[in-house]
Amino acid sequence: MARVKSEHTTPELVVRQYLHAAGFRYRLHDKSLPGKPDVVLPKYRAVVFVQGCFWHGHGAACLRGGRPPKANADFWQAKFSYNQERDQRTQAELRAAGWRVVLVWECELKKSERGATLHRITNEILAADDVWFD
Ligand SMILES: [Zn+2]
């Protein structure tokens, strides 16, 4: 049985490969920064977080339409709230330190959305209104 490799490509890897191909150079999971951002682009003073829709509580805007599990709803709600508060605190710390924070949701990287999402990421990193690389 042939395995299709792209099926195992994580959302974070999609973003990293795209940025690398576009000529961006970055560090990964920089522990010296709040929240250990997935991708750090020092030249642009930008960080990228690729967020899993489930754990980070994407909610109503989620393109996958994820819903919290019905069982143990209180537990999950508390867990998601905790994660969201922590995310917001982390992002506020980074912004206060002069970093541009680019957020990407897992669902925004599904095939039909990927092109537009990567375009947005590029523009946010560059703080540009509109740039196409390809
Ligand atoms: Zn989502």
# chains A, B, ... in the order shown; residues from 1 in each chain; ligands from 1
call {"tool": "residues_near_ligand", "arguments": {"ligand": "ligand 1", "cutoff": "10 Å", "atoms": "only C-alpha atoms and all ligand atoms", "output": "mmCIF file with N, CA and C atoms, in the first residue's frame"}}
result
data_model
loop_
_atom_site.group_PDB
_atom_site.id
_atom_site.type_symbol
_atom_site.label_atom_id
_atom_site.label_comp_id
_atom_site.auth_asym_id
_atom_site.auth_seq_id
_atom_site.Cartn_x
_atom_site.Cartn_y
_atom_site.Cartn_z
ATOM 1 N N GLN A 51 -1.704 27.263 14.722
ATOM 2 C CA GLN A 51 -2.518 26.811 15.846
ATOM 3 C C GLN A 51 -3.472 25.690 15.457
ATOM 4 N N GLY A 52 -3.451 24.641 16.221
ATOM 5 C CA GLY A 52 -4.418 23.567 16.042
ATOM 6 C C GLY A 52 -5.793 24.063 16.455
ATOM 7 N N CYS A 53 -6.783 23.823 15.585
ATOM 8 C CA CYS A 53 -8.129 24.360 15.833
ATOM 9 C C CYS A 53 -8.736 23.804 17.112
ATOM 10 N N PHE A 54 -8.470 22.567 17.372
ATOM 11 C CA PHE A 54 -9.085 21.931 18.533
ATOM 12 C C PHE A 54 -8.529 22.497 19.835
ATOM 13 N N HIS A 56 -6.630 25.027 20.505
ATOM 14 C CA HIS A 56 -6.604 26.477 20.715
ATOM 15 C C HIS A 56 -7.999 27.087 20.614
ATOM 16 N N GLY A 57 -9.002 26.220 20.449
ATOM 17 C CA GLY A 57 -10.388 26.687 20.518
ATOM 18 C C GLY A 57 -10.766 27.676 19.437
ATOM 19 N N HIS A 58 -10.620 27.266 18.186
ATOM 20 C CA HIS A 58 -10.909 28.176 17.083
ATOM 21 C C HIS A 58 -12.366 28.634 17.087
ATOM 22 N N GLY A 59 -13.261 27.753 17.476
ATOM 23 C CA GLY A 59 -14.655 28.156 17.671
ATOM 24 C C GLY A 59 -15.440 28.356 16.384
ATOM 25 N N ALA A 60 -16.375 29.318 16.413
ATOM 26 C CA ALA A 60 -17.361 29.474 15.343
ATOM 27 C C ALA A 60 -16.734 29.781 13.990
ATOM 28 N N ALA A 61 -15.577 30.442 13.990
ATOM 29 C CA ALA A 61 -14.944 30.830 12.723
ATOM 30 C C ALA A 61 -14.251 29.657 12.044
ATOM 31 N N CYS A 62 -14.182 28.542 12.713
ATOM 32 C CA CYS A 62 -13.385 27.423 12.217
ATOM 33 C C CYS A 62 -13.979 26.829 10.943
ATOM 34 N N LEU A 63 -13.109 26.684 9.936
ATOM 35 C CA LEU A 63 -13.551 26.151 8.647
ATOM 36 C C LEU A 63 -13.815 24.651 8.719
ATOM 37 N N ARG A 64 -13.316 24.019 9.762
ATOM 38 C CA ARG A 64 -13.590 22.595 9.932
ATOM 39 C C ARG A 64 -14.844 22.392 10.766
ATOM 40 N N GLY A 65 -15.363 23.489 11.273
ATOM 41 C CA GLY A 65 -16.578 23.413 12.059
ATOM 42 C C GLY A 65 -16.440 22.552 13.298
ATOM 43 N N GLY A 66 -15.251 22.592 13.886
ATOM 44 C CA GLY A 66 -15.006 21.770 15.064
ATOM 45 C C GLY A 66 -15.894 22.166 16.232
ATOM 46 N N VAL A 104 -1.900 31.548 12.324
ATOM 47 C CA VAL A 104 -2.441 30.698 11.272
ATOM 48 C C VAL A 104 -3.190 29.556 11.933
ATOM 49 N N TRP A 105 -4.427 29.364 11.502
ATOM 50 C CA TRP A 105 -5.195 28.224 12.017
ATOM 51 C C TRP A 105 -5.005 27.043 11.081
ATOM 52 N N GLU A 106 -4.955 25.899 11.712
ATOM 53 C CA GLU A 106 -4.839 24.636 10.985
ATOM 54 C C GLU A 106 -5.836 24.548 9.812
ATOM 55 N N CYS A 107 -7.075 24.936 10.050
ATOM 56 C CA CYS A 107 -8.112 24.795 9.031
ATOM 57 C C CYS A 107 -7.894 25.743 7.853
ATOM 58 N N GLU A 108 -7.131 26.798 8.073
ATOM 59 C CA GLU A 108 -6.855 27.733 6.987
ATOM 60 C C GLU A 108 -5.839 27.170 5.998
ATOM 61 N N LEU A 109 -5.258 26.023 6.350
ATOM 62 C CA LEU A 109 -4.245 25.423 5.486
ATOM 63 C C LEU A 109 -4.777 24.227 4.719
ATOM 64 N N LYS A 110 -6.079 23.973 4.830
ATOM 65 C CA LYS A 110 -6.627 22.900 3.995
ATOM 66 C C LYS A 110 -6.513 23.341 2.546
#
call {"tool": "select_by_dssp", "arguments": {"residues": "chain A", "states": "helix (DSSP H, G or I)", "output": "PyMOL selection string"}}
result
chain A and resi 5-8+11-21+42-44+59-61+73-96+106-109+111-126
call {"tool": "residues_around", "arguments": {"residues": "A:Arg95", "least_positions_apart": "4", "cutoff": "12 Å", "atoms": "only C-alpha atoms", "output": "PyMOL selection string"}}
result
chain A and resi 33-34+45-47+88-91+99-102
call {"tool": "residues_around", "arguments": {"residues": "stretch 36-44 of chain A", "least_positions_apart": "3", "cutoff": "8 Å", "atoms": "only C-alpha atoms", "output": "list in words"}}
result
Glu12, Arg16, Phe24, Arg25, Tyr26, Arg27, Leu28, His29, Asp30, Lys31, Ser32, Leu33, Val47, Val48, Phe49, Val50, Ile125 and Leu126 of chain A
call {"tool": "select_by_dssp", "arguments": {"residues": "chain A", "states": "strand (DSSP E)", "output": "ChimeraX atom specification"}}
result
/A:27-28,39-41,46-51,100-105
call {"tool": "closest_residue", "arguments": {"among": "A:Gly23, A:Thr117, A:Trp55, A:Val14", "to": "A:Gln77", "atoms": "only C-alpha atoms"}}
result
A:Trp55
call {"tool": "decode", "arguments": {"residues": "stretch 11-22 of chain A", "atoms": "N, CA, C and O atoms", "output": "short mmCIF file (atom, residue, chain, number, x, y, z; two decimals), in the first residue's frame"}}
result
data_model
loop_
_atom_site.label_atom_id
_atom_site.label_comp_id
_atom_site.auth_asym_id
_atom_site.auth_seq_id
_atom_site.Cartn_x
_atom_site.Cartn_y
_atom_site.Cartn_z
N PRO A 11 0.44 20.98 9.35
CA PRO A 11 0.18 22.37 8.97
C PRO A 11 1.42 23.25 9.16
O PRO A 11 1.71 24.10 8.32
N GLU A 12 2.14 23.00 10.23
CA GLU A 12 3.33 23.81 10.47
C GLU A 12 4.37 23.62 9.37
O GLU A 12 5.01 24.57 8.92
N LEU A 13 4.51 22.38 8.92
CA LEU A 13 5.49 22.08 7.87
C LEU A 13 5.09 22.77 6.56
O LEU A 13 5.96 23.24 5.81
N VAL A 14 3.81 22.83 6.28
CA VAL A 14 3.33 23.51 5.08
C VAL A 14 3.80 24.96 5.10
O VAL A 14 4.33 25.48 4.11
N VAL A 15 3.64 25.60 6.24
CA VAL A 15 4.02 27.01 6.36
C VAL A 15 5.54 27.17 6.24
O VAL A 15 6.03 28.03 5.52
N ARG A 16 6.27 26.31 6.93
CA ARG A 16 7.74 26.40 6.89
C ARG A 16 8.28 26.21 5.49
O ARG A 16 9.16 26.94 5.05
N GLN A 17 7.76 25.20 4.80
CA GLN A 17 8.26 24.92 3.45
C GLN A 17 7.96 26.08 2.50
O GLN A 17 8.78 26.45 1.67
N TYR A 18 6.78 26.64 2.67
CA TYR A 18 6.41 27.77 1.81
C TYR A 18 7.33 28.97 2.07
O TYR A 18 7.85 29.58 1.14
N LEU A 19 7.50 29.29 3.33
CA LEU A 19 8.33 30.45 3.66
C LEU A 19 9.76 30.27 3.17
O LEU A 19 10.38 31.19 2.64
N HIS A 20 10.26 29.06 3.35
CA HIS A 20 11.62 28.78 2.90
C HIS A 20 11.74 28.94 1.39
O HIS A 20 12.68 29.57 0.90
N ALA A 21 10.76 28.40 0.67
CA ALA A 21 10.77 28.50 -0.79
C ALA A 21 10.66 29.96 -1.24
O ALA A 21 11.18 30.33 -2.30
N ALA A 22 9.99 30.78 -0.43
CA ALA A 22 9.81 32.18 -0.79
C ALA A 22 11.03 33.01 -0.41
O ALA A 22 11.05 34.22 -0.62
#
